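One structure below.
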Amino acid sequence: MREAFTNCLRCGAPINPPKSGHYNCEFCGAPYFAGGFFARSVHYVKRVSESRGFNSSIVIPVGLGSILLTLLIFRYPSFQKNQGQNITAQTPKTTPKGSQTKINQIITGNLGNSKSAAYKRAKKIMNPDLYVTYRITERILQSNNIKRPIRVAVRKGADCSGTLGIDPNSSKCFSAQVLPDIDKITNFDIWASQVINTMTGNPNAFANSDSGFLFINKALLKEVMGRPEQLACIISHELAHITQNHTEEKRKARFKYDSIAASRISERILKLRKRQQGNNFMAAVIAGISDSYSGSNTSINQLSNRIALNNLASQMLAPKIIEKAMTYSPVISKSINKMQGLNPEYVNKGFRYIDTYLRDSALALTAFSRGLEYEADLLGTQYAASAGFDEKACLKLWTETMPHDTDKIVARLLPQGIPDPGKKKPEIFIQKKRTQELEYDEDCKVRYKVRADRMLERKCKLIAKEGIKPSDSENISEETLEILSTHPSDERRAQAIREHIENKDLFTIFRAAGKQNRLKNTLRDWSYDKDSDSLVISDIEKEPRLVGLGKTGTTGINIDKFLD
């Protein structure tokens with residue numbers, strides 16, 4: 001008998017238990033069980049099965065096998081899904097190159113690479129330029145969780161001011177730019193302009209937030225050839241215009257500044273009309289006094305003839321006024337049409353004032369647009385970083401590859417000698433010494449008129465005292481200078497991007513959030529339109545195998561499945 005290594009809990013006598021199984025104390029007969037949890041379980045199953053008439057040698061192996069299978073299923077949830085693909089657990093150490101590639105494709109497919117099949121399906125349908133734009137756009141949308149359908153198109157574009165000979169800012173030009181490839185028979189002019197634009201066109205990208213339309217021309221794709229990260233920055237920039245609804249914001253700003261210009265034009269025309277009436281009244285008074293002394297109607301008749309000739313000249317200028325009015329928005333056109341009935345002298349003055357006020361409106365709108373571009377720069381850089389692209393590529397894009405040209409536009413609009421307030425501090429340019437704008441009178445140049453009219457003489461002396469010269473009519477208003485001073489110039493925009501990307505912690509958060517958003521096993525559905533050679537990336541997410549099938553039409557709705 002072995003040396004005892006335990007004592008009975010009931011009587012305290014020494015006992016020698018076996019390795020496993022039931023045993024009793026030799027002195028008091030207390031029952032005990034030797035062994036661990038597994039031995040106890042086997043003994044329990046054996047005792048229950050034998051008490052109920054089952055063969056324990058069969059029940060125990062079946063039970064243990066069931067437990068192992070359950071653990072396997074819970075440990076590997078994809079076991080049931082992939083058991084039909086007949087993938088071996090171990091691959092030979094030496095396999096042919098083609099077989100190894102096939103095995104790798106199967107394994108990656110099992111790990112969730114069904115997205116590749118959806119992308120291959122898209123690649124077969126789309127041309128290479130549209131496909132690369134789609135892939136980058138889809139990645140940015142997914143990484144930043146942008147919930148909005150986006151239509152994407154790549155176009156050759158059209159040079160309206162050249163081949164077509166139409167206004168580059170007109171809706172006809174815009175339509176020609178976004179049209180898909182036109183053949184020679186359909187429209188020779190547009191076809192020729194598209195061919196020319198392919199070779200020498202200006203790089204351009206455009207976004208309309210109303211329709212969610214993103215347009216890139218092929219000239220721009222040539223500029224970023226071999227630089228996918230810079231292309232991603234361009235697409236991110238345009239997507240920022242869409243998500244921030246900049247088209248609507250610009251439309252509101254245009255109406256605002258047009259209304260301001262229209263109000264200033266109406267006030268100026270009213271002053272001109274009052275001056276014309278005042279001059280006619282004074283001429284009538286002087287003619288009446290002259291005729292009363294001479295006893296004839298000569299002066300009055302001459303005045304009547306002059307007024308009649310002026311009215312005739314005013315009627316002849318009516319088409320010119322209408323043509324000028326139709327060039328601008330309705331609110332400005334209404335103000336310009338108020339010049340009907342003015343003498344040619346006052347009409348010409350009115351046209352000069354109108355040009356000045358419209359230039360101020362254009363400058364104000366340009367400043368506002370530059371502010372929107374500034375916002376799209378910063379937000380677009382964040383979008384690109386979240387999608388896994390290098391944010392430094394955006395800085396290089398806007399400073400080296402495609403530097404901003406808004407400063408050149410402002411320089412063309414500003415009168416000669418007036419610097420761009422957006423490049424310096426606003427206080428330098430906002431002059432508040434003059435509280436009242438004095439109107440320069442061309443008659444001040446004619447000495448005999450000044451000597452003959454005391455009111456005109458006093459006015460001309462006041463103008464000379466204030467130092468107002470004819471060239472001062474080219475100056476911009478204080479309001480416009482103040483608006484221009486608040487916009488970021490090209491240098492300030494580049495500096496803002498540089499400072500933004502230096503915030504490493506912030507961009508680390510962006511990249512982490514984007515990576516997390518890309519872990520989803522779904523893709524955004526898309527619908528390709530062959531006629532327009534464009535596609536819509538939907539905000540609806542589906543399984544990759546259901547993406548881009550096009551079996552349910554443009555809507556992507558399986559109505560039978562939904563209603564039944």
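Just remember, in the structure tokens the first chain shown is A, the second B, etc., residues are 1-based per chain, and ligands are 1-based in the order shown.
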- Item | Residue neighbourhood Phe351 in chain A, 10 Å, only C-alpha atoms, exclusion window fewer than 3 positions, as a PyMOL selection string | chain A and resi 265+269+321+324+336+339+346-348+354-357
Next, the residues of the selection above should be written as a PDB file, in the first residue's frame with N, CA and C atoms.
```pdb
ATOM      1  N   ILE A 265     -27.122 102.119 -58.814  1.00  0.00           N
ATOM      2  CA  ILE A 265     -27.419 102.581 -60.180  1.00  0.00           C
ATOM      3  C   ILE A 265     -28.714 103.381 -60.184  1.00  0.00           C
ATOM      4  N   ILE A 269     -29.069 107.260 -61.364  1.00  0.00           N
ATOM      5  CA  ILE A 269     -29.937 107.647 -62.490  1.00  0.00           C
ATOM      6  C   ILE A 269     -30.983 108.657 -62.031  1.00  0.00           C
ATOM      7  N   ILE A 321     -29.710 101.128 -74.621  1.00  0.00           N
ATOM      8  CA  ILE A 321     -29.941 100.931 -73.181  1.00  0.00           C
ATOM      9  C   ILE A 321     -30.485  99.534 -72.920  1.00  0.00           C
ATOM     10  N   LYS A 324     -27.772  96.955 -73.239  1.00  0.00           N
ATOM     11  CA  LYS A 324     -26.905  96.980 -72.058  1.00  0.00           C
ATOM     12  C   LYS A 324     -27.588  96.283 -70.883  1.00  0.00           C
ATOM     13  N   ILE A 336     -31.051  99.667 -64.955  1.00  0.00           N
ATOM     14  CA  ILE A 336     -30.479 100.281 -66.160  1.00  0.00           C
ATOM     15  C   ILE A 336     -31.577 100.821 -67.068  1.00  0.00           C
ATOM     16  N   MET A 339     -32.939 104.514 -67.322  1.00  0.00           N
ATOM     17  CA  MET A 339     -32.289 105.595 -68.067  1.00  0.00           C
ATOM     18  C   MET A 339     -33.089 106.004 -69.292  1.00  0.00           C
ATOM     19  N   TYR A 346     -26.481 112.650 -70.455  1.00  0.00           N
ATOM     20  CA  TYR A 346     -26.677 111.979 -69.166  1.00  0.00           C
ATOM     21  C   TYR A 346     -26.660 110.452 -69.315  1.00  0.00           C
ATOM     22  N   VAL A 347     -27.036 109.958 -70.479  1.00  0.00           N
ATOM     23  CA  VAL A 347     -26.947 108.513 -70.714  1.00  0.00           C
ATOM     24  C   VAL A 347     -25.493 108.063 -70.685  1.00  0.00           C
ATOM     25  N   ASN A 348     -24.620 108.823 -71.324  1.00  0.00           N
ATOM     26  CA  ASN A 348     -23.194 108.473 -71.320  1.00  0.00           C
ATOM     27  C   ASN A 348     -22.617 108.516 -69.914  1.00  0.00           C
ATOM     28  N   ILE A 354     -22.535 103.083 -64.239  1.00  0.00           N
ATOM     29  CA  ILE A 354     -22.956 101.675 -64.222  1.00  0.00           C
ATOM     30  C   ILE A 354     -21.742 100.759 -64.292  1.00  0.00           C
ATOM     31  N   ASP A 355     -20.798 101.073 -65.179  1.00  0.00           N
ATOM     32  CA  ASP A 355     -19.597 100.247 -65.279  1.00  0.00           C
ATOM     33  C   ASP A 355     -18.827 100.220 -63.959  1.00  0.00           C
ATOM     34  N   THR A 356     -18.767 101.363 -63.291  1.00  0.00           N
ATOM     35  CA  THR A 356     -18.050 101.426 -62.007  1.00  0.00           C
ATOM     36  C   THR A 356     -18.739 100.573 -60.955  1.00  0.00           C
ATOM     37  N   TYR A 357     -20.061 100.690 -60.857  1.00  0.00           N
ATOM     38  CA  TYR A 357     -20.801  99.948 -59.839  1.00  0.00           C
ATOM     39  C   TYR A 357     -20.777  98.441 -60.113  1.00  0.00           C
TER      40      TYR A 357
END
```
To test your reading of the structure, identify every residue in range 111-163 of chain A that backbone DSSP assigns to helix (DSSP H, G or I), and report it as a JSON list (two decimals) with all heavy atoms, in the first residue's frame.
```json
[["chain", "number", "residue", "atom", "x", "y", "z"],
["A", 114, "SER", "N", -14.42, 40.58, -51.60],
["A", 114, "SER", "CA", -15.45, 40.57, -52.64],
["A", 114, "SER", "C", -15.61, 41.95, -53.26],
["A", 114, "SER", "O", -16.24, 42.09, -54.31],
["A", 114, "SER", "CB", -16.78, 40.11, -52.04],
["A", 114, "SER", "OG", -17.13, 40.90, -50.93],
["A", 115, "LYS", "N", -15.02, 42.98, -52.61],
["A", 115, "LYS", "CA", -15.04, 44.32, -53.21],
["A", 115, "LYS", "C", -14.28, 44.34, -54.53],
["A", 115, "LYS", "O", -14.64, 45.10, -55.43],
["A", 115, "LYS", "CB", -14.44, 45.33, -52.24],
["A", 115, "LYS", "CG", -15.24, 45.55, -50.96],
["A", 115, "LYS", "CD", -14.58, 46.60, -50.09],
["A", 115, "LYS", "CE", -15.38, 46.84, -48.81],
["A", 115, "LYS", "NZ", -14.75, 47.86, -47.95],
["A", 116, "SER", "N", -13.25, 43.51, -54.62],
["A", 116, "SER", "CA", -12.46, 43.48, -55.85],
["A", 116, "SER", "C", -13.31, 43.08, -57.05],
["A", 116, "SER", "O", -13.13, 43.60, -58.15],
["A", 116, "SER", "CB", -11.28, 42.52, -55.70],
["A", 116, "SER", "OG", -10.40, 42.97, -54.71],
["A", 117, "ALA", "N", -14.22, 42.15, -56.83],
["A", 117, "ALA", "CA", -15.09, 41.73, -57.93],
["A", 117, "ALA", "C", -15.97, 42.87, -58.39],
["A", 117, "ALA", "O", -16.21, 43.05, -59.59],
["A", 117, "ALA", "CB", -15.95, 40.54, -57.47],
["A", 118, "ALA", "N", -16.46, 43.69, -57.43],
["A", 118, "ALA", "CA", -17.29, 44.84, -57.79],
["A", 118, "ALA", "C", -16.47, 45.87, -58.56],
["A", 118, "ALA", "O", -16.94, 46.47, -59.54],
["A", 118, "ALA", "CB", -17.89, 45.46, -56.53],
["A", 119, "TYR", "N", -15.22, 46.10, -58.14],
["A", 119, "TYR", "CA", -14.37, 47.06, -58.84],
["A", 119, "TYR", "C", -14.01, 46.57, -60.24],
["A", 119, "TYR", "O", -13.95, 47.35, -61.20],
["A", 119, "TYR", "CB", -13.10, 47.30, -58.04],
["A", 119, "TYR", "CG", -13.32, 48.05, -56.75],
["A", 119, "TYR", "CD1", -12.63, 47.72, -55.59],
["A", 119, "TYR", "CD2", -14.22, 49.11, -56.68],
["A", 119, "TYR", "CE1", -12.83, 48.41, -54.40],
["A", 119, "TYR", "CE2", -14.44, 49.80, -55.50],
["A", 119, "TYR", "CZ", -13.74, 49.44, -54.36],
["A", 119, "TYR", "OH", -13.94, 50.13, -53.19],
["A", 120, "LYS", "N", -13.78, 45.26, -60.39],
["A", 120, "LYS", "CA", -13.48, 44.72, -61.71],
["A", 120, "LYS", "C", -14.68, 44.88, -62.64],
["A", 120, "LYS", "O", -14.53, 45.15, -63.84],
["A", 120, "LYS", "CB", -13.11, 43.24, -61.59],
["A", 120, "LYS", "CG", -11.74, 43.01, -60.97],
["A", 120, "LYS", "CD", -11.43, 41.52, -60.86],
["A", 120, "LYS", "CE", -10.06, 41.30, -60.21],
["A", 120, "LYS", "NZ", -9.76, 39.86, -60.06],
["A", 121, "ARG", "N", -15.88, 44.72, -62.08],
["A", 121, "ARG", "CA", -17.09, 44.91, -62.88],
["A", 121, "ARG", "C", -17.20, 46.35, -63.36],
["A", 121, "ARG", "O", -17.58, 46.62, -64.50],
["A", 121, "ARG", "CB", -18.30, 44.52, -62.04],
["A", 121, "ARG", "CG", -19.60, 44.48, -62.81],
["A", 121, "ARG", "CD", -20.68, 43.69, -62.09],
["A", 121, "ARG", "NE", -20.94, 44.20, -60.75],
["A", 121, "ARG", "CZ", -20.67, 43.54, -59.64],
["A", 121, "ARG", "NH1", -20.08, 42.35, -59.69],
["A", 121, "ARG", "NH2", -20.95, 44.06, -58.46],
["A", 122, "ALA", "N", -16.85, 47.29, -62.49],
["A", 122, "ALA", "CA", -16.88, 48.71, -62.87],
["A", 122, "ALA", "C", -15.82, 49.02, -63.91],
["A", 122, "ALA", "O", -16.05, 49.80, -64.85],
["A", 122, "ALA", "CB", -16.67, 49.57, -61.63],
["A", 123, "LYS", "N", -14.65, 48.41, -63.77],
["A", 123, "LYS", "CA", -13.55, 48.68, -64.69],
["A", 123, "LYS", "C", -13.86, 48.22, -66.11],
["A", 123, "LYS", "O", -13.39, 48.82, -67.09],
["A", 123, "LYS", "CB", -12.29, 47.99, -64.17],
["A", 123, "LYS", "CG", -11.00, 48.47, -64.84],
["A", 123, "LYS", "CD", -9.79, 47.90, -64.13],
["A", 123, "LYS", "CE", -8.51, 48.47, -64.70],
["A", 123, "LYS", "NZ", -7.31, 47.95, -63.99],
["A", 124, "LYS", "N", -14.65, 47.17, -66.24],
["A", 124, "LYS", "CA", -15.02, 46.69, -67.57],
["A", 124, "LYS", "C", -15.97, 47.64, -68.27],
["A", 124, "LYS", "O", -15.98, 47.75, -69.49],
["A", 124, "LYS", "CB", -15.68, 45.31, -67.45],
["A", 124, "LYS", "CG", -14.71, 44.20, -67.06],
["A", 124, "LYS", "CD", -15.43, 42.87, -66.97],
["A", 124, "LYS", "CE", -14.47, 41.74, -66.56],
["A", 124, "LYS", "NZ", -15.18, 40.44, -66.43],
["A", 125, "ILE", "N", -16.78, 48.35, -67.49],
["A", 125, "ILE", "CA", -17.81, 49.23, -68.07],
["A", 125, "ILE", "C", -17.26, 50.62, -68.37],
["A", 125, "ILE", "O", -17.54, 51.20, -69.42],
["A", 125, "ILE", "CB", -19.01, 49.34, -67.10],
["A", 125, "ILE", "CG1", -19.63, 47.97, -66.88],
["A", 125, "ILE", "CG2", -20.05, 50.32, -67.63],
["A", 125, "ILE", "CD1", -20.74, 47.96, -65.86],
["A", 128, "PRO", "N", -10.88, 54.29, -68.71],
["A", 128, "PRO", "CA", -9.86, 54.41, -67.65],
["A", 128, "PRO", "C", -9.91, 55.73, -66.89],
["A", 128, "PRO", "O", -9.73, 55.75, -65.67],
["A", 128, "PRO", "CB", -8.54, 54.24, -68.41],
["A", 128, "PRO", "CG", -8.90, 53.44, -69.62],
["A", 128, "PRO", "CD", -10.28, 53.88, -69.99],
["A", 129, "ASP", "N", -10.16, 56.86, -67.60],
["A", 129, "ASP", "CA", -10.19, 58.16, -66.92],
["A", 129, "ASP", "C", -11.36, 58.25, -65.94],
["A", 129, "ASP", "O", -11.20, 58.77, -64.83],
["A", 129, "ASP", "CB", -10.31, 59.28, -67.95],
["A", 129, "ASP", "CG", -9.04, 59.43, -68.78],
["A", 129, "ASP", "OD1", -7.98, 59.01, -68.30],
["A", 129, "ASP", "OD2", -9.12, 59.94, -69.91],
["A", 130, "LEU", "N", -12.50, 57.74, -66.34],
["A", 130, "LEU", "CA", -13.65, 57.78, -65.46],
["A", 130, "LEU", "C", -13.48, 56.80, -64.29],
["A", 130, "LEU", "O", -13.89, 57.09, -63.16],
["A", 130, "LEU", "CB", -14.93, 57.45, -66.23],
["A", 130, "LEU", "CG", -16.25, 57.53, -65.45],
["A", 130, "LEU", "CD1", -16.46, 58.93, -64.88],
["A", 130, "LEU", "CD2", -17.43, 57.12, -66.32],
["A", 131, "TYR", "N", -12.85, 55.65, -64.57],
["A", 131, "TYR", "CA", -12.69, 54.64, -63.52],
["A", 131, "TYR", "C", -11.77, 55.13, -62.41],
["A", 131, "TYR", "O", -12.08, 54.97, -61.22],
["A", 131, "TYR", "CB", -12.13, 53.36, -64.12],
["A", 131, "TYR", "CG", -11.88, 52.28, -63.09],
["A", 131, "TYR", "CD1", -12.94, 51.61, -62.48],
["A", 131, "TYR", "CD2", -10.58, 51.95, -62.70],
["A", 131, "TYR", "CE1", -12.71, 50.62, -61.52],
["A", 131, "TYR", "CE2", -10.35, 50.98, -61.74],
["A", 131, "TYR", "CZ", -11.41, 50.31, -61.16],
["A", 131, "TYR", "OH", -11.18, 49.36, -60.20],
["A", 132, "VAL", "N", -10.65, 55.77, -62.77],
["A", 132, "VAL", "CA", -9.74, 56.23, -61.72],
["A", 132, "VAL", "C", -10.38, 57.36, -60.92],
["A", 132, "VAL", "O", -10.21, 57.45, -59.70],
["A", 132, "VAL", "CB", -8.40, 56.70, -62.34],
["A", 132, "VAL", "CG1", -8.57, 57.97, -63.16],
["A", 132, "VAL", "CG2", -7.34, 56.92, -61.26],
["A", 133, "THR", "N", -11.19, 58.18, -61.57],
["A", 133, "THR", "CA", -11.91, 59.24, -60.84],
["A", 133, "THR", "C", -12.95, 58.63, -59.91],
["A", 133, "THR", "O", -13.13, 59.10, -58.77],
["A", 133, "THR", "CB", -12.58, 60.19, -61.84],
["A", 133, "THR", "OG1", -11.62, 60.65, -62.79],
["A", 133, "THR", "CG2", -13.18, 61.39, -61.13],
["A", 134, "TYR", "N", -13.63, 57.58, -60.39],
["A", 134, "TYR", "CA", -14.62, 56.90, -59.55],
["A", 134, "TYR", "C", -13.98, 56.29, -58.32],
["A", 134, "TYR", "O", -14.48, 56.45, -57.19],
["A", 134, "TYR", "CB", -15.34, 55.83, -60.37],
["A", 134, "TYR", "CG", -15.91, 54.70, -59.52],
["A", 134, "TYR", "CD1", -16.98, 54.92, -58.66],
["A", 134, "TYR", "CD2", -15.34, 53.42, -59.57],
["A", 134, "TYR", "CE1", -17.49, 53.90, -57.87],
["A", 134, "TYR", "CE2", -15.85, 52.40, -58.79],
["A", 134, "TYR", "CZ", -16.91, 52.63, -57.94],
["A", 134, "TYR", "OH", -17.40, 51.63, -57.16],
["A", 135, "ARG", "N", -12.86, 55.58, -58.51],
["A", 135, "ARG", "CA", -12.23, 54.90, -57.38],
["A", 135, "ARG", "C", -11.80, 55.88, -56.29],
["A", 135, "ARG", "O", -12.01, 55.66, -55.10],
["A", 135, "ARG", "CB", -11.03, 54.09, -57.87],
["A", 135, "ARG", "CG", -11.36, 52.78, -58.57],
["A", 135, "ARG", "CD", -12.11, 51.81, -57.69],
["A", 135, "ARG", "NE", -11.50, 51.60, -56.39],
["A", 135, "ARG", "CZ", -10.54, 50.71, -56.13],
["A", 135, "ARG", "NH1", -10.08, 49.95, -57.11],
["A", 135, "ARG", "NH2", -10.05, 50.59, -54.92],
["A", 136, "ILE", "N", -11.17, 56.98, -56.72],
["A", 136, "ILE", "CA", -10.71, 57.96, -55.73],
["A", 136, "ILE", "C", -11.89, 58.63, -55.05],
["A", 136, "ILE", "O", -11.91, 58.82, -53.83],
["A", 136, "ILE", "CB", -9.79, 58.99, -56.41],
["A", 136, "ILE", "CG1", -8.51, 58.31, -56.89],
["A", 136, "ILE", "CG2", -9.47, 60.13, -55.46],
["A", 136, "ILE", "CD1", -7.57, 59.23, -57.64],
["A", 137, "THR", "N", -12.90, 58.99, -55.84],
["A", 137, "THR", "CA", -14.08, 59.64, -55.26],
["A", 137, "THR", "C", -14.79, 58.73, -54.28],
["A", 137, "THR", "O", -15.18, 59.15, -53.19],
["A", 137, "THR", "CB", -15.05, 60.06, -56.38],
["A", 137, "THR", "OG1", -14.37, 60.87, -57.34],
["A", 137, "THR", "CG2", -16.23, 60.84, -55.82],
["A", 138, "GLU", "N", -14.95, 57.46, -54.66],
["A", 138, "GLU", "CA", -15.63, 56.51, -53.79],
["A", 138, "GLU", "C", -14.86, 56.31, -52.48],
["A", 138, "GLU", "O", -15.47, 56.21, -51.41],
["A", 138, "GLU", "CB", -15.79, 55.18, -54.53],
["A", 138, "GLU", "CG", -16.72, 54.18, -53.85],
["A", 138, "GLU", "CD", -15.95, 53.20, -52.97],
["A", 138, "GLU", "OE1", -14.71, 53.12, -53.12],
["A", 138, "GLU", "OE2", -16.59, 52.54, -52.14],
["A", 139, "ARG", "N", -13.56, 56.29, -52.56],
["A", 139, "ARG", "CA", -12.74, 56.11, -51.35],
["A", 139, "ARG", "C", -12.88, 57.31, -50.41],
["A", 139, "ARG", "O", -12.98, 57.16, -49.19],
["A", 139, "ARG", "CB", -11.28, 55.90, -51.73],
["A", 139, "ARG", "CG", -10.39, 55.59, -50.54],
["A", 139, "ARG", "CD", -8.95, 55.46, -50.97],
["A", 139, "ARG", "NE", -8.07, 55.14, -49.85],
["A", 139, "ARG", "CZ", -7.71, 53.92, -49.49],
["A", 139, "ARG", "NH1", -8.16, 52.88, -50.18],
["A", 139, "ARG", "NH2", -6.90, 53.72, -48.47],
["A", 140, "ILE", "N", -12.90, 58.50, -50.99],
["A", 140, "ILE", "CA", -13.04, 59.71, -50.17],
["A", 140, "ILE", "C", -14.42, 59.77, -49.53],
["A", 140, "ILE", "O", -14.55, 60.12, -48.35],
["A", 140, "ILE", "CB", -12.77, 60.97, -51.02],
["A", 140, "ILE", "CG1", -11.33, 60.98, -51.53],
["A", 140, "ILE", "CG2", -13.06, 62.24, -50.24],
["A", 140, "ILE", "CD1", -11.03, 62.04, -52.55],
["A", 141, "LEU", "N", -15.44, 59.41, -50.30],
["A", 141, "LEU", "CA", -16.81, 59.42, -49.76],
["A", 141, "LEU", "C", -16.94, 58.44, -48.61],
["A", 141, "LEU", "O", -17.54, 58.74, -47.56],
["A", 141, "LEU", "CB", -17.81, 59.07, -50.86],
["A", 141, "LEU", "CG", -17.99, 60.09, -51.99],
["A", 141, "LEU", "CD1", -18.91, 59.53, -53.06],
["A", 141, "LEU", "CD2", -18.54, 61.40, -51.46],
["A", 142, "GLN", "N", -16.38, 57.24, -48.79],
["A", 142, "GLN", "CA", -16.49, 56.21, -47.75],
["A", 142, "GLN", "C", -15.67, 56.59, -46.52],
["A", 142, "GLN", "O", -16.14, 56.43, -45.38],
["A", 142, "GLN", "CB", -16.02, 54.87, -48.30],
["A", 142, "GLN", "CG", -16.23, 53.71, -47.33],
["A", 142, "GLN", "CD", -15.73, 52.40, -47.90],
["A", 142, "GLN", "OE1", -14.79, 52.38, -48.68],
["A", 142, "GLN", "NE2", -16.36, 51.30, -47.53],
["A", 143, "SER", "N", -14.47, 57.09, -46.72],
["A", 143, "SER", "CA", -13.59, 57.40, -45.59],
["A", 143, "SER", "C", -14.15, 58.53, -44.74],
["A", 143, "SER", "O", -13.99, 58.54, -43.52],
["A", 143, "SER", "CB", -12.19, 57.78, -46.10],
["A", 143, "SER", "OG", -11.62, 56.73, -46.84],
["A", 160, "CYS", "N", -14.94, 78.01, -75.40],
["A", 160, "CYS", "CA", -16.06, 78.80, -75.96],
["A", 160, "CYS", "C", -15.58, 80.08, -76.63],
["A", 160, "CYS", "O", -16.09, 80.47, -77.68],
["A", 160, "CYS", "CB", -17.06, 79.13, -74.85],
["A", 160, "CYS", "SG", -17.82, 77.67, -74.12],
["A", 161, "SER", "N", -14.63, 80.76, -76.00],
["A", 161, "SER", "CA", -14.20, 82.04, -76.55],
["A", 161, "SER", "C", -13.39, 81.88, -77.82],
["A", 161, "SER", "O", -13.14, 82.84, -78.53],
["A", 161, "SER", "CB", -13.36, 82.79, -75.51],
["A", 161, "SER", "OG", -12.24, 82.03, -75.13],
["A", 162, "GLY", "N", -12.96, 80.64, -78.11],
["A", 162, "GLY", "CA", -12.17, 80.41, -79.31],
["A", 162, "GLY", "C", -12.99, 79.85, -80.44],
["A", 162, "GLY", "O", -13.53, 80.57, -81.27],
["A", 163, "THR", "N", -13.15, 78.55, -80.47],
["A", 163, "THR", "CA", -13.81, 77.89, -81.60],
["A", 163, "THR", "C", -15.29, 78.23, -81.68],
["A", 163, "THR", "O", -15.81, 78.54, -82.75],
["A", 163, "THR", "CB", -13.64, 76.37, -81.47],
["A", 163, "THR", "OG1", -12.26, 76.08, -81.28],
["A", 163, "THR", "CG2", -14.13, 75.67, -82.71]]
```
- Message: As an exercise, work out the distance from CA of Leu413 in chain A to CA of Cys173 in chain A in Å and give it to one decimal place.
- Response: 22.2 Å
- Any idea what's packed within 6 Å of range 312-318 of chain A, counting only C-alpha atoms, ignoring anything in its chain fewer than 5 positions away? Could you give it as a PyMOL selection string? chain A and resi 341-343
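Proximity to Ala262 in chain A was assessed for A:Asn202, A:Ser299, A:Asn311, A:Ser335 counting only C-alpha atoms; the smallest distance is recorded for A:Ser335.
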- Query: Which of these residues is nearest to Arg264 in chain A, using only C-alpha atoms: A:Gly514, A:Gly295, A:Gly350, A:Gly288?
  - Reply: A:Gly350
Hey, what's within 12 Å of Asp529 in chain A if we count only C-alpha atoms and toss same-chain stuff fewer than 6 positions away? As a compact mmCIF listing (two decimals) with N, CA and C atoms, in the first residue's frame, please?
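Here's the written file out-v1.txt:
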```txt
# COMPACT_ATOMS: atom_id res chain seq x y z
N ILE A 125 -16.78 48.35 -67.49
CA ILE A 125 -17.81 49.23 -68.07
C ILE A 125 -17.26 50.62 -68.37
N MET A 126 -16.46 51.18 -67.46
CA MET A 126 -16.02 52.58 -67.57
C MET A 126 -14.70 52.68 -68.31
N LEU A 130 -12.50 57.74 -66.34
CA LEU A 130 -13.65 57.78 -65.46
C LEU A 130 -13.48 56.80 -64.29
N ARG A 151 -22.57 62.66 -58.67
CA ARG A 151 -22.42 62.30 -60.09
C ARG A 151 -21.02 62.72 -60.54
N VAL A 152 -20.32 61.81 -61.19
CA VAL A 152 -18.94 62.03 -61.62
C VAL A 152 -18.86 61.93 -63.13
N ALA A 153 -18.13 62.85 -63.74
CA ALA A 153 -17.94 62.83 -65.20
C ALA A 153 -16.57 63.38 -65.55
N PRO A 180 -20.75 65.08 -73.26
CA PRO A 180 -19.82 63.99 -73.60
C PRO A 180 -19.29 64.17 -75.01
N LEU A 535 -21.33 58.55 -64.10
CA LEU A 535 -21.93 57.63 -63.15
C LEU A 535 -22.34 58.39 -61.90
N VAL A 536 -23.33 57.84 -61.21
CA VAL A 536 -23.78 58.38 -59.93
C VAL A 536 -23.36 57.42 -58.83
N ILE A 537 -22.58 57.92 -57.89
CA ILE A 537 -22.21 57.14 -56.71
C ILE A 537 -23.26 57.39 -55.65
N GLY A 548 -23.59 47.94 -58.59
CA GLY A 548 -23.38 48.23 -60.00
C GLY A 548 -23.96 47.23 -60.97
N GLY A 550 -27.14 47.12 -62.14
CA GLY A 550 -27.98 47.79 -63.11
C GLY A 550 -29.21 47.02 -63.53
N GLY A 553 -32.63 49.16 -62.94
CA GLY A 553 -32.81 50.48 -63.53
C GLY A 553 -32.03 51.55 -62.78
N THR A 554 -32.39 52.80 -63.08
CA THR A 554 -31.68 53.93 -62.49
C THR A 554 -31.89 54.01 -60.98
```
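Distance check against Ala387 in chain A using only C-alpha atoms: of A:Gln230, A:Gly165, A:Ser532, A:Arg511, the minimum falls on A:Arg511.
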- Message: Could you check the closest approach to Leu523 in chain A for each of A:Ser538, A:Ser304, A:Ser369, A:Asn297 and tell me which residue wins, using only C-alpha atoms?
- Response: A:Ser538
- Val331 in chain A environment, 12 Å, only C-alpha atoms, sequence neighbours closer than 4 positions dropped, as a ChimeraX atom specification: /A:254-266,325-327,335-338
